[in-house]
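The data block below is query_14.pdb; it holds PDB, C-alpha atoms, pLDDT in the B column.
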```
ATOM      1  CA  MET A   1     -22.113 -27.273  57.037  1.00 81.00           C
ATOM      2  CA  GLY A   2     -24.673 -25.584  54.852  1.00 93.00           C
ATOM      3  CA  GLU A   3     -27.321 -23.152  56.020  1.00 97.00           C
ATOM      4  CA  LEU A   4     -30.893 -22.665  54.854  1.00 97.00           C
ATOM      5  CA  ARG A   5     -32.222 -19.157  55.507  1.00 98.00           C
ATOM      6  CA  LEU A   6     -35.941 -18.557  55.098  1.00 98.00           C
ATOM      7  CA  TYR A   7     -37.739 -15.214  54.832  1.00 98.00           C
ATOM      8  CA  ALA A   8     -41.399 -14.187  54.835  1.00 98.00           C
ATOM      9  CA  ILE A   9     -41.631 -11.383  52.273  1.00 98.00           C
ATOM     10  CA  GLY A  10     -43.680 -10.594  49.176  1.00 98.00           C
ATOM     11  CA  ILE A  11     -41.844 -11.711  46.046  1.00 98.00           C
ATOM     12  CA  GLU A  12     -42.795  -8.492  44.276  1.00 97.00           C
ATOM     13  CA  GLU A  13     -41.138  -6.547  47.087  1.00 98.00           C
ATOM     14  CA  VAL A  14     -37.942  -8.481  46.391  1.00 98.00           C
ATOM     15  CA  ARG A  15     -38.114  -7.988  42.649  1.00 98.00           C
ATOM     16  CA  GLY A  16     -39.059  -4.344  43.187  1.00 97.00           C
ATOM     17  CA  MET A  17     -35.732  -3.648  44.883  1.00 98.00           C
ATOM     18  CA  PHE A  18     -34.195  -3.590  41.404  1.00 97.00           C
ATOM     19  CA  GLY A  19     -35.088  -0.174  40.010  1.00 97.00           C
ATOM     20  CA  ALA A  20     -36.920   0.812  43.199  1.00 97.00           C
ATOM     21  CA  PRO A  21     -38.992   4.026  43.228  1.00 97.00           C
ATOM     22  CA  PRO A  22     -37.422   6.940  45.170  1.00 97.00           C
ATOM     23  CA  GLN A  23     -39.298   6.505  48.457  1.00 96.00           C
ATOM     24  CA  VAL A  24     -38.655   2.755  48.575  1.00 97.00           C
ATOM     25  CA  ALA A  25     -35.031   3.241  47.526  1.00 98.00           C
ATOM     26  CA  GLU A  26     -34.403   5.678  50.367  1.00 97.00           C
ATOM     27  CA  HIS A  27     -35.811   3.215  52.890  1.00 97.00           C
ATOM     28  CA  LEU A  28     -33.647   0.410  51.472  1.00 98.00           C
ATOM     29  CA  ARG A  29     -30.551   2.593  51.739  1.00 97.00           C
ATOM     30  CA  ALA A  30     -31.281   2.964  55.433  1.00 96.00           C
ATOM     31  CA  VAL A  31     -31.649  -0.829  55.711  1.00 97.00           C
ATOM     32  CA  ALA A  32     -28.263  -1.250  54.005  1.00 96.00           C
ATOM     33  CA  GLN A  33     -26.695   1.248  56.399  1.00 94.00           C
ATOM     34  CA  ARG A  34     -27.855  -0.727  59.407  1.00 93.00           C
ATOM     35  CA  ALA A  35     -26.851  -4.067  57.899  1.00 92.00           C
ATOM     36  CA  PHE A  36     -23.287  -3.125  57.030  1.00 89.00           C
ATOM     37  CA  ALA A  37     -22.390  -0.573  59.681  1.00 80.00           C
ATOM     38  CA  PRO A  38     -19.003  -1.343  61.275  1.00 71.00           C
ATOM     39  CA  PRO A  39     -19.147  -2.439  64.949  1.00 63.00           C
ATOM     40  CA  GLY A  40     -20.032   0.467  67.193  1.00 57.00           C
ATOM     41  CA  MET A  41     -21.614   2.539  64.419  1.00 48.00           C
ATOM     42  CA  GLU A  42     -25.014   0.841  64.286  1.00 48.00           C
ATOM     43  CA  GLY A  43     -27.799   3.305  64.768  1.00 49.00           C
ATOM     44  CA  ARG A  44     -25.632   6.410  64.323  1.00 50.00           C
ATOM     45  CA  PRO A  45     -27.083   8.960  61.916  1.00 46.00           C
ATOM     46  CA  ALA A  46     -25.177   9.189  58.675  1.00 43.00           C
ATOM     47  CA  ALA A  47     -23.447  12.450  57.922  1.00 40.00           C
ATOM     48  CA  VAL A  48     -25.253  14.569  55.349  1.00 37.00           C
ATOM     49  CA  GLY A  49     -22.967  16.511  53.099  1.00 37.00           C
ATOM     50  CA  ARG A  50     -22.909  17.908  49.604  1.00 39.00           C
ATOM     51  CA  GLY A  51     -22.473  14.476  48.104  1.00 41.00           C
ATOM     52  CA  GLY A  52     -26.175  13.634  48.348  1.00 41.00           C
ATOM     53  CA  LEU A  53     -27.371  10.143  49.202  1.00 41.00           C
ATOM     54  CA  LEU A  54     -24.035   8.489  48.580  1.00 40.00           C
ATOM     55  CA  SER A  55     -22.448  10.778  51.141  1.00 40.00           C
ATOM     56  CA  LYS A  56     -24.865   9.321  53.696  1.00 42.00           C
ATOM     57  CA  LEU A  57     -23.613   5.827  52.915  1.00 46.00           C
ATOM     58  CA  GLY A  58     -19.934   6.730  52.734  1.00 44.00           C
ATOM     59  CA  PRO A  59     -19.010   6.739  56.442  1.00 44.00           C
ATOM     60  CA  ILE A  60     -20.967   3.557  57.078  1.00 46.00           C
ATOM     61  CA  PHE A  61     -19.193   1.523  54.402  1.00 49.00           C
ATOM     62  CA  LYS A  62     -15.749   3.125  54.716  1.00 48.00           C
ATOM     63  CA  ARG A  63     -12.820   0.699  54.761  1.00 50.00           C
ATOM     64  CA  VAL A  64      -9.679   1.029  56.819  1.00 52.00           C
ATOM     65  CA  PRO A  65      -7.435   3.685  55.188  1.00 52.00           C
ATOM     66  CA  ALA A  66      -4.993   2.335  52.597  1.00 51.00           C
ATOM     67  CA  THR A  67      -6.839  -0.993  52.250  1.00 51.00           C
ATOM     68  CA  PRO A  68      -5.846  -1.931  48.667  1.00 50.00           C
ATOM     69  CA  VAL A  69      -8.351  -4.653  47.784  1.00 58.00           C
ATOM     70  CA  ILE A  70     -12.137  -4.427  47.527  1.00 70.00           C
ATOM     71  CA  SER A  71     -13.710  -7.704  48.585  1.00 83.00           C
ATOM     72  CA  PRO A  72     -15.836  -9.336  45.867  1.00 87.00           C
ATOM     73  CA  THR A  73     -18.434 -10.292  48.503  1.00 88.00           C
ATOM     74  CA  GLN A  74     -18.441  -7.143  50.672  1.00 92.00           C
ATOM     75  CA  PRO A  75     -21.120  -4.666  49.495  1.00 95.00           C
ATOM     76  CA  GLU A  76     -19.937  -1.148  48.708  1.00 94.00           C
ATOM     77  CA  PRO A  77     -21.995   2.059  48.334  1.00 93.00           C
ATOM     78  CA  HIS A  78     -21.839   1.702  44.557  1.00 95.00           C
ATOM     79  CA  ASP A  79     -23.393  -1.781  44.774  1.00 96.00           C
ATOM     80  CA  VAL A  80     -26.363  -0.313  46.633  1.00 97.00           C
ATOM     81  CA  GLU A  81     -26.931   2.314  43.975  1.00 97.00           C
ATOM     82  CA  VAL A  82     -26.554  -0.160  41.103  1.00 97.00           C
ATOM     83  CA  LEU A  83     -29.121  -2.526  42.620  1.00 98.00           C
ATOM     84  CA  LEU A  84     -31.619   0.213  43.446  1.00 98.00           C
ATOM     85  CA  ALA A  85     -31.281   1.657  39.940  1.00 97.00           C
ATOM     86  CA  GLY A  86     -31.859  -1.751  38.376  1.00 97.00           C
ATOM     87  CA  ALA A  87     -28.595  -1.291  36.457  1.00 97.00           C
ATOM     88  CA  TYR A  88     -26.187  -3.892  35.126  1.00 96.00           C
ATOM     89  CA  VAL A  89     -24.250  -5.759  37.828  1.00 97.00           C
ATOM     90  CA  SER A  90     -20.726  -6.565  36.691  1.00 96.00           C
ATOM     91  CA  PRO A  91     -19.577 -10.175  37.260  1.00 95.00           C
ATOM     92  CA  ASP A  92     -16.983  -9.143  39.848  1.00 95.00           C
ATOM     93  CA  ARG A  93     -19.721  -7.550  42.012  1.00 96.00           C
ATOM     94  CA  THR A  94     -22.304 -10.329  41.730  1.00 97.00           C
ATOM     95  CA  GLY A  95     -21.343 -11.993  45.014  1.00 96.00           C
ATOM     96  CA  ALA A  96     -21.520  -8.707  46.889  1.00 97.00           C
ATOM     97  CA  THR A  97     -24.867  -7.884  45.285  1.00 97.00           C
ATOM     98  CA  TRP A  98     -26.389 -11.217  46.336  1.00 98.00           C
ATOM     99  CA  ARG A  99     -25.201 -10.562  49.880  1.00 96.00           C
ATOM    100  CA  LEU A 100     -26.651  -7.076  49.731  1.00 97.00           C
ATOM    101  CA  LEU A 101     -29.942  -8.370  48.356  1.00 98.00           C
ATOM    102  CA  GLU A 102     -30.322 -10.907  51.144  1.00 98.00           C
ATOM    103  CA  SER A 103     -29.571  -8.240  53.749  1.00 97.00           C
ATOM    104  CA  LEU A 104     -32.287  -6.014  52.277  1.00 98.00           C
ATOM    105  CA  VAL A 105     -34.706  -8.959  52.221  1.00 98.00           C
ATOM    106  CA  GLN A 106     -33.937  -9.712  55.854  1.00 97.00           C
ATOM    107  CA  GLY A 107     -34.333  -6.058  56.749  1.00 97.00           C
ATOM    108  CA  ILE A 108     -37.935  -5.776  55.547  1.00 98.00           C
ATOM    109  CA  ALA A 109     -39.133  -9.399  55.924  1.00 98.00           C
ATOM    110  CA  TRP A 110     -41.957 -10.198  58.341  1.00 98.00           C
ATOM    111  CA  GLY A 111     -39.913 -13.011  59.832  1.00 97.00           C
ATOM    112  CA  SER A 112     -36.910 -15.213  59.188  1.00 97.00           C
ATOM    113  CA  MET A 113     -35.548 -18.606  60.178  1.00 97.00           C
ATOM    114  CA  ARG A 114     -32.164 -20.327  59.882  1.00 97.00           C
ATOM    115  CA  MET A 115     -31.483 -24.062  59.689  1.00 96.00           C
ATOM    116  CA  GLY A 116     -28.047 -25.693  59.565  1.00 95.00           C
ATOM    117  CA  LEU A 117     -28.282 -28.280  56.774  1.00 94.00           C
ATOM    118  CA  THR A 118     -25.814 -30.072  54.558  1.00 95.00           C
ATOM    119  CA  ALA A 119     -27.022 -31.239  51.148  1.00 95.00           C
ATOM    120  CA  GLN A 120     -27.429 -34.776  52.470  1.00 96.00           C
ATOM    121  CA  GLU A 121     -29.337 -33.600  55.552  1.00 96.00           C
ATOM    122  CA  LEU A 122     -31.659 -31.530  53.391  1.00 96.00           C
ATOM    123  CA  ASP A 123     -32.407 -34.528  51.186  1.00 96.00           C
ATOM    124  CA  ASP A 124     -32.883 -36.762  54.233  1.00 97.00           C
ATOM    125  CA  LEU A 125     -35.344 -34.270  55.704  1.00 97.00           C
ATOM    126  CA  ASP A 126     -37.353 -34.208  52.479  1.00 97.00           C
ATOM    127  CA  PHE A 127     -37.360 -38.020  52.429  1.00 96.00           C
ATOM    128  CA  ALA A 128     -38.597 -38.165  56.031  1.00 96.00           C
ATOM    129  CA  LEU A 129     -41.390 -35.723  55.192  1.00 97.00           C
ATOM    130  CA  ALA A 130     -42.368 -37.754  52.139  1.00 96.00           C
ATOM    131  CA  ARG A 131     -42.525 -40.930  54.248  1.00 95.00           C
ATOM    132  CA  GLY A 132     -44.851 -39.057  56.575  1.00 95.00           C
ATOM    133  CA  GLY A 133     -47.195 -38.299  53.675  1.00 96.00           C
ATOM    134  CA  SER A 134     -46.052 -34.788  52.752  1.00 96.00           C
ATOM    135  CA  PRO A 135     -46.193 -34.207  48.958  1.00 96.00           C
ATOM    136  CA  ALA A 136     -42.843 -33.916  47.165  1.00 94.00           C
ATOM    137  CA  SER A 137     -43.933 -30.477  45.956  1.00 95.00           C
ATOM    138  CA  ASP A 138     -43.878 -29.318  49.583  1.00 96.00           C
ATOM    139  CA  GLY A 139     -40.250 -30.379  50.069  1.00 96.00           C
ATOM    140  CA  LEU A 140     -37.358 -28.014  50.624  1.00 97.00           C
ATOM    141  CA  ARG A 141     -35.634 -29.073  47.401  1.00 96.00           C
ATOM    142  CA  HIS A 142     -38.720 -28.110  45.441  1.00 96.00           C
ATOM    143  CA  LEU A 143     -38.664 -24.716  47.169  1.00 97.00           C
ATOM    144  CA  LEU A 144     -35.039 -24.164  46.188  1.00 97.00           C
ATOM    145  CA  ASN A 145     -35.719 -25.225  42.592  1.00 95.00           C
ATOM    146  CA  SER A 146     -38.315 -22.458  42.125  1.00 95.00           C
ATOM    147  CA  THR A 147     -36.133 -19.535  41.063  1.00 94.00           C
ATOM    148  CA  LEU A 148     -36.873 -15.872  41.792  1.00 94.00           C
ATOM    149  CA  SER A 149     -36.376 -14.841  38.139  1.00 92.00           C
ATOM    150  CA  LEU A 150     -34.104 -11.937  39.026  1.00 94.00           C
ATOM    151  CA  ASN A 151     -31.784 -10.199  36.591  1.00 90.00           C
ATOM    152  CA  LEU A 152     -28.773 -11.301  38.617  1.00 95.00           C
ATOM    153  CA  ILE A 153     -26.269 -14.011  37.706  1.00 95.00           C
ATOM    154  CA  PRO A 154     -26.230 -16.982  40.123  1.00 95.00           C
ATOM    155  CA  VAL A 155     -23.104 -17.514  42.217  1.00 95.00           C
ATOM    156  CA  SER A 156     -21.462 -20.761  43.223  1.00 94.00           C
ATOM    157  CA  GLY A 157     -22.510 -22.106  46.611  1.00 95.00           C
ATOM    158  CA  LEU A 158     -25.758 -20.131  46.827  1.00 96.00           C
ATOM    159  CA  THR A 159     -29.200 -21.346  45.754  1.00 97.00           C
ATOM    160  CA  VAL A 160     -32.193 -19.032  46.009  1.00 97.00           C
ATOM    161  CA  GLY A 161     -35.831 -20.066  45.579  1.00 98.00           C
ATOM    162  CA  TRP A 162     -39.346 -19.101  46.558  1.00 98.00           C
ATOM    163  CA  HIS A 163     -42.938 -20.254  46.935  1.00 98.00           C
ATOM    164  CA  PRO A 164     -46.109 -18.134  46.906  1.00 98.00           C
ATOM    165  CA  HIS A 165     -47.997 -17.391  50.105  1.00 98.00           C
ATOM    166  CA  GLN A 166     -50.595 -20.125  49.751  1.00 98.00           C
ATOM    167  CA  LYS A 167     -47.870 -22.692  49.151  1.00 98.00           C
ATOM    168  CA  ALA A 168     -46.160 -21.689  52.401  1.00 98.00           C
ATOM    169  CA  VAL A 169     -49.468 -22.132  54.235  1.00 98.00           C
ATOM    170  CA  ALA A 170     -49.921 -25.564  52.613  1.00 97.00           C
ATOM    171  CA  MET A 171     -46.391 -26.574  53.634  1.00 98.00           C
ATOM    172  CA  ALA A 172     -47.186 -25.795  57.278  1.00 97.00           C
ATOM    173  CA  LEU A 173     -50.254 -28.032  57.174  1.00 97.00           C
ATOM    174  CA  ALA A 174     -48.415 -30.861  55.393  1.00 97.00           C
ATOM    175  CA  TYR A 175     -45.487 -30.754  57.823  1.00 97.00           C
ATOM    176  CA  GLN A 176     -47.783 -30.726  60.832  1.00 96.00           C
ATOM    177  CA  SER A 177     -49.465 -33.878  59.539  1.00 96.00           C
ATOM    178  CA  ALA A 178     -46.197 -35.633  58.612  1.00 97.00           C
ATOM    179  CA  ILE A 179     -44.322 -34.972  61.843  1.00 96.00           C
ATOM    180  CA  VAL A 180     -46.041 -37.764  63.765  1.00 94.00           C
ATOM    181  CA  ASP A 181     -44.384 -40.357  61.498  1.00 95.00           C
ATOM    182  CA  ILE A 182     -40.870 -38.887  61.652  1.00 95.00           C
ATOM    183  CA  LYS A 183     -38.703 -41.144  63.837  1.00 92.00           C
ATOM    184  CA  SER A 184     -35.498 -39.111  64.142  1.00 95.00           C
ATOM    185  CA  PRO A 185     -35.693 -36.719  67.142  1.00 96.00           C
ATOM    186  CA  GLN A 186     -33.394 -34.245  65.379  1.00 96.00           C
ATOM    187  CA  GLN A 187     -35.514 -34.212  62.221  1.00 96.00           C
ATOM    188  CA  ARG A 188     -38.691 -34.004  64.268  1.00 96.00           C
ATOM    189  CA  ASP A 189     -37.357 -30.979  66.158  1.00 96.00           C
ATOM    190  CA  MET A 190     -36.370 -29.277  62.912  1.00 96.00           C
ATOM    191  CA  ILE A 191     -39.756 -29.891  61.292  1.00 96.00           C
ATOM    192  CA  ASN A 192     -41.566 -28.775  64.426  1.00 97.00           C
ATOM    193  CA  SER A 193     -39.621 -25.489  64.502  1.00 97.00           C
ATOM    194  CA  LEU A 194     -40.198 -24.988  60.792  1.00 97.00           C
ATOM    195  CA  THR A 195     -43.920 -25.669  61.133  1.00 97.00           C
ATOM    196  CA  ILE A 196     -44.267 -23.175  63.972  1.00 97.00           C
ATOM    197  CA  TRP A 197     -42.488 -20.557  61.875  1.00 98.00           C
ATOM    198  CA  LEU A 198     -44.598 -21.253  58.781  1.00 98.00           C
ATOM    199  CA  ASP A 199     -47.729 -20.859  60.915  1.00 97.00           C
ATOM    200  CA  GLY A 200     -46.864 -17.179  61.085  1.00 98.00           C
ATOM    201  CA  PHE A 201     -47.725 -16.617  57.421  1.00 98.00           C
ATOM    202  CA  LEU A 202     -51.468 -16.213  58.098  1.00 98.00           C
ATOM    203  CA  PRO A 203     -51.183 -13.524  60.809  1.00 98.00           C
ATOM    204  CA  TRP A 204     -48.395 -11.804  58.869  1.00 98.00           C
ATOM    205  CA  ALA A 205     -50.687 -11.659  55.837  1.00 98.00           C
ATOM    206  CA  GLN A 206     -53.389  -9.944  57.893  1.00 97.00           C
ATOM    207  CA  VAL A 207     -50.972  -7.308  59.145  1.00 97.00           C
ATOM    208  CA  ALA A 208     -49.516  -6.836  55.654  1.00 97.00           C
ATOM    209  CA  ALA A 209     -52.980  -6.225  54.208  1.00 96.00           C
ATOM    210  CA  SER A 210     -53.725  -3.625  56.887  1.00 97.00           C
ATOM    211  CA  LEU A 211     -50.510  -1.783  55.954  1.00 97.00           C
ATOM    212  CA  GLY A 212     -50.994  -2.000  52.211  1.00 96.00           C
ATOM    213  CA  ARG A 213     -48.085  -4.378  51.714  1.00 97.00           C
ATOM    214  CA  PRO A 214     -48.204  -7.632  49.714  1.00 98.00           C
ATOM    215  CA  VAL A 215     -48.900 -10.805  51.653  1.00 98.00           C
ATOM    216  CA  PRO A 216     -45.644 -12.614  52.482  1.00 98.00           C
ATOM    217  CA  ASP A 217     -44.320 -15.271  50.173  1.00 98.00           C
ATOM    218  CA  LEU A 218     -41.632 -17.749  51.190  1.00 98.00           C
ATOM    219  CA  VAL A 219     -38.103 -16.889  49.997  1.00 98.00           C
ATOM    220  CA  ALA A 220     -35.151 -19.201  50.654  1.00 98.00           C
ATOM    221  CA  PHE A 221     -31.395 -18.672  50.485  1.00 98.00           C
ATOM    222  CA  TRP A 222     -29.344 -21.847  50.837  1.00 97.00           C
ATOM    223  CA  ALA A 223     -25.582 -21.580  51.277  1.00 96.00           C
ATOM    224  CA  SER A 224     -24.275 -25.062  50.532  1.00 91.00           C
TER     225      SER A 224
END
```
Would you mind giving the structure from this file in structure tokens?
Amino acid sequence: MGELRLYAIGIEEVRGMFGAPPQVAEHLRAVAQRAFAPPGMEGRPAAVGRGGLLSKLGPIFKRVPATPVISPTQPEPHDVEVLLAGAYVSPDRTGATWRLLESLVQGIAWGSMRMGLTAQELDDLDFALARGGSPASDGLRHLLNSTLSLNLIPVSGLTVGWHPHQKAVAMALAYQSAIVDIKSPQQRDMINSLTIWLDGFLPWAQVAASLGRPVPDLVAFWAS
């Protein structure tokens, strides 16, 4: 079973995580701490020692003593610093960096949504929407085909795409119109939930503007 994970976040905020300015970088470190804290350590303040910012991350990411292998998909403190510095990500740490990136996106997104979808189910959903009159450009495949243009090598089994804010708003309207012609109850429920979630982009944009943040764009991570 695949999973489509959607996030409402400004695309420039995502791209800005690479080589983030000091104040933003410090906030993202805190997001990483919360995301990867071992069970029972969430919310605990990190110890501050002479090691600087990395010493704050150390206890949160620490592995069991004598563990010999570093997982290629488990983020480490060094991965956080490499991403925030906008430095070169070595091929053996690409999987972990994608996982880290998505966790940071989730941590500062205005909202998120998950949908269990195989490749065939995703295509079937797009076909049902098209039969209901929704333009092909509003389909989920089209969303996934619009790359983020990040300086990060793709990894097998993960597709990442995005649409600008106005496109997300247009998708909500198109889906709302198409749903009346969708016969499958399961597909109708999925489109209804997705439409309700996409309707949040307008109020989120108003709040974002009041806080000086970019309006949310639509960012998608699909694990196939």
Gap from atom CA of A:Arg131 to atom CA of A:Ile179 - Å, one decimal: 9.8 Å
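In terms of minimum interatomic distance to A:Leu158, A:Leu144 ranks closest within A:Ala136, A:Leu144, A:Ala170, A:Ile108, counting all atoms listed in the file.
With distances taken over all atoms listed in the file, A:Pro72 is the one residue among A:Pro185, A:Gly116, A:Pro77, A:Pro72 lying closest to A:Ser90.
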Best match for closeness to A:Asn145 among A:Leu104, A:Val160, A:Ala35, A:Val180, counting all atoms listed in the file: A:Val160
Would you kindly translate the PyMOL selection byres ((chain A and resi 148) around 8) into the concrete residues it picks from this file, as a ChimeraX atom specification? /A:11,146-147,149-150,160-162
Shortest interatomic distance to A:Gln187 - which of A:Gly132, A:Phe201, A:Gly10, A:Ala20, counting only C-alpha atoms: A:Gly132
Find the residue from A:Thr94, A:Trp110, A:Thr159, A:Trp222 that sits nearest to A:Gln206; use all atoms listed in the file when measuring. A:Trp110
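Going from atom CA of A:Thr97 over to atom CA of A:Glu81, you cover 10.5 Å.
Between A:Ala223 and the residues A:Val24, A:Ile70, A:Val155, A:Val169, the shortest atom-to-atom distance, using only C-alpha atoms, involves A:Val155.
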Distance query A:Glu102 at most 10 Å, only C-alpha atoms, self and fewer than 3 positions along chain excluded, as a VMD selection string: chain A and resid 5 7 14 97 to 99 105 to 107 160 219 to 221
Can you give me, as a ChimeraX atom specification, the residues this file yields under the PyMOL selection byres ((chain A and resi 123) around 12)? /A:117-122,124-130,136,139-142,144,187
Include C-alpha atoms and write out the residues we just selected as a PDB file, in the coordinates of the input.
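Saved to selection13.pdb:
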```pdb
ATOM      1  CA  LEU A 117     -28.282 -28.280  56.774  1.00 94.00           C
ATOM      2  CA  THR A 118     -25.814 -30.072  54.558  1.00 95.00           C
ATOM      3  CA  ALA A 119     -27.022 -31.239  51.148  1.00 95.00           C
ATOM      4  CA  GLN A 120     -27.429 -34.776  52.470  1.00 96.00           C
ATOM      5  CA  GLU A 121     -29.337 -33.600  55.552  1.00 96.00           C
ATOM      6  CA  LEU A 122     -31.659 -31.530  53.391  1.00 96.00           C
ATOM      7  CA  ASP A 124     -32.883 -36.762  54.233  1.00 97.00           C
ATOM      8  CA  LEU A 125     -35.344 -34.270  55.704  1.00 97.00           C
ATOM      9  CA  ASP A 126     -37.353 -34.208  52.479  1.00 97.00           C
ATOM     10  CA  PHE A 127     -37.360 -38.020  52.429  1.00 96.00           C
ATOM     11  CA  ALA A 128     -38.597 -38.165  56.031  1.00 96.00           C
ATOM     12  CA  LEU A 129     -41.390 -35.723  55.192  1.00 97.00           C
ATOM     13  CA  ALA A 130     -42.368 -37.754  52.139  1.00 96.00           C
ATOM     14  CA  ALA A 136     -42.843 -33.916  47.165  1.00 94.00           C
ATOM     15  CA  GLY A 139     -40.250 -30.379  50.069  1.00 96.00           C
ATOM     16  CA  LEU A 140     -37.358 -28.014  50.624  1.00 97.00           C
ATOM     17  CA  ARG A 141     -35.634 -29.073  47.401  1.00 96.00           C
ATOM     18  CA  HIS A 142     -38.720 -28.110  45.441  1.00 96.00           C
ATOM     19  CA  LEU A 144     -35.039 -24.164  46.188  1.00 97.00           C
ATOM     20  CA  GLN A 187     -35.514 -34.212  62.221  1.00 96.00           C
TER      21      GLN A 187
END
```
Please provide as a PyMOL selection string all residues within 9 Å of A:Glu13, with the sequence filter that same-chain residues fewer than 3 positions apart are discarded (counting only C-alpha atoms). chain A and resi 9-10+16-17+105+213-214
Dump C-alpha atoms for the selected residues as a PDB file, keeping the file's coordinate frame?
```
ATOM      1  CA  ILE A   9     -41.631 -11.383  52.273  1.00 98.00           C
ATOM      2  CA  GLY A  10     -43.680 -10.594  49.176  1.00 98.00           C
ATOM      3  CA  GLY A  16     -39.059  -4.344  43.187  1.00 97.00           C
ATOM      4  CA  MET A  17     -35.732  -3.648  44.883  1.00 98.00           C
ATOM      5  CA  VAL A 105     -34.706  -8.959  52.221  1.00 98.00           C
ATOM      6  CA  ARG A 213     -48.085  -4.378  51.714  1.00 97.00           C
ATOM      7  CA  PRO A 214     -48.204  -7.632  49.714  1.00 98.00           C
TER       8      PRO A 214
END
```
What does the structure give for the distance between atom CA of A:Val207 and atom CA of A:Gln176, in Å to one decimal? 23.7 Å
Mind listing as a compact mmCIF listing (two decimals) with C-alpha atoms, keeping the file's coordinate frame all residues within 12 Å of (-24.2, -7.0, 38.7), counting all atoms listed in the file?
```txt
# COMPACT_ATOMS: atom_id res chain seq x y z
CA PHE A 18 -34.20 -3.59 41.40
CA PRO A 72 -15.84 -9.34 45.87
CA THR A 73 -18.43 -10.29 48.50
CA PRO A 75 -21.12 -4.67 49.50
CA HIS A 78 -21.84 1.70 44.56
CA ASP A 79 -23.39 -1.78 44.77
CA VAL A 80 -26.36 -0.31 46.63
CA GLU A 81 -26.93 2.31 43.98
CA VAL A 82 -26.55 -0.16 41.10
CA LEU A 83 -29.12 -2.53 42.62
CA LEU A 84 -31.62 0.21 43.45
CA ALA A 85 -31.28 1.66 39.94
CA GLY A 86 -31.86 -1.75 38.38
CA ALA A 87 -28.60 -1.29 36.46
CA TYR A 88 -26.19 -3.89 35.13
CA VAL A 89 -24.25 -5.76 37.83
CA SER A 90 -20.73 -6.56 36.69
CA PRO A 91 -19.58 -10.18 37.26
CA ASP A 92 -16.98 -9.14 39.85
CA ARG A 93 -19.72 -7.55 42.01
CA THR A 94 -22.30 -10.33 41.73
CA GLY A 95 -21.34 -11.99 45.01
CA ALA A 96 -21.52 -8.71 46.89
CA THR A 97 -24.87 -7.88 45.28
CA TRP A 98 -26.39 -11.22 46.34
CA ARG A 99 -25.20 -10.56 49.88
CA LEU A 100 -26.65 -7.08 49.73
CA LEU A 101 -29.94 -8.37 48.36
CA LEU A 150 -34.10 -11.94 39.03
CA ASN A 151 -31.78 -10.20 36.59
CA LEU A 152 -28.77 -11.30 38.62
CA ILE A 153 -26.27 -14.01 37.71
CA PRO A 154 -26.23 -16.98 40.12
CA VAL A 155 -23.10 -17.51 42.22
```
Using 6 Å of padding on each side, determine the axis-aligned box around all atoms of stretch 101-115 of chain A present in the file and give its centre and edge lengths in Å to one decimal, as lines of an AutoDock Vina configuration file.
```
center_x = -35.8
center_y = -14.9
center_z = 54.3
size_x = 24.4
size_y = 30.3
size_z = 23.8
```
For this structure, which residues satisfy the selection - the PyMOL selection byres ((chain A and resi 194) around 10) - when it is evaluated on the file as given? I want them as a PyMOL selection string. chain A and resi 6+113-115+171-172+175-176+188-193+195-199
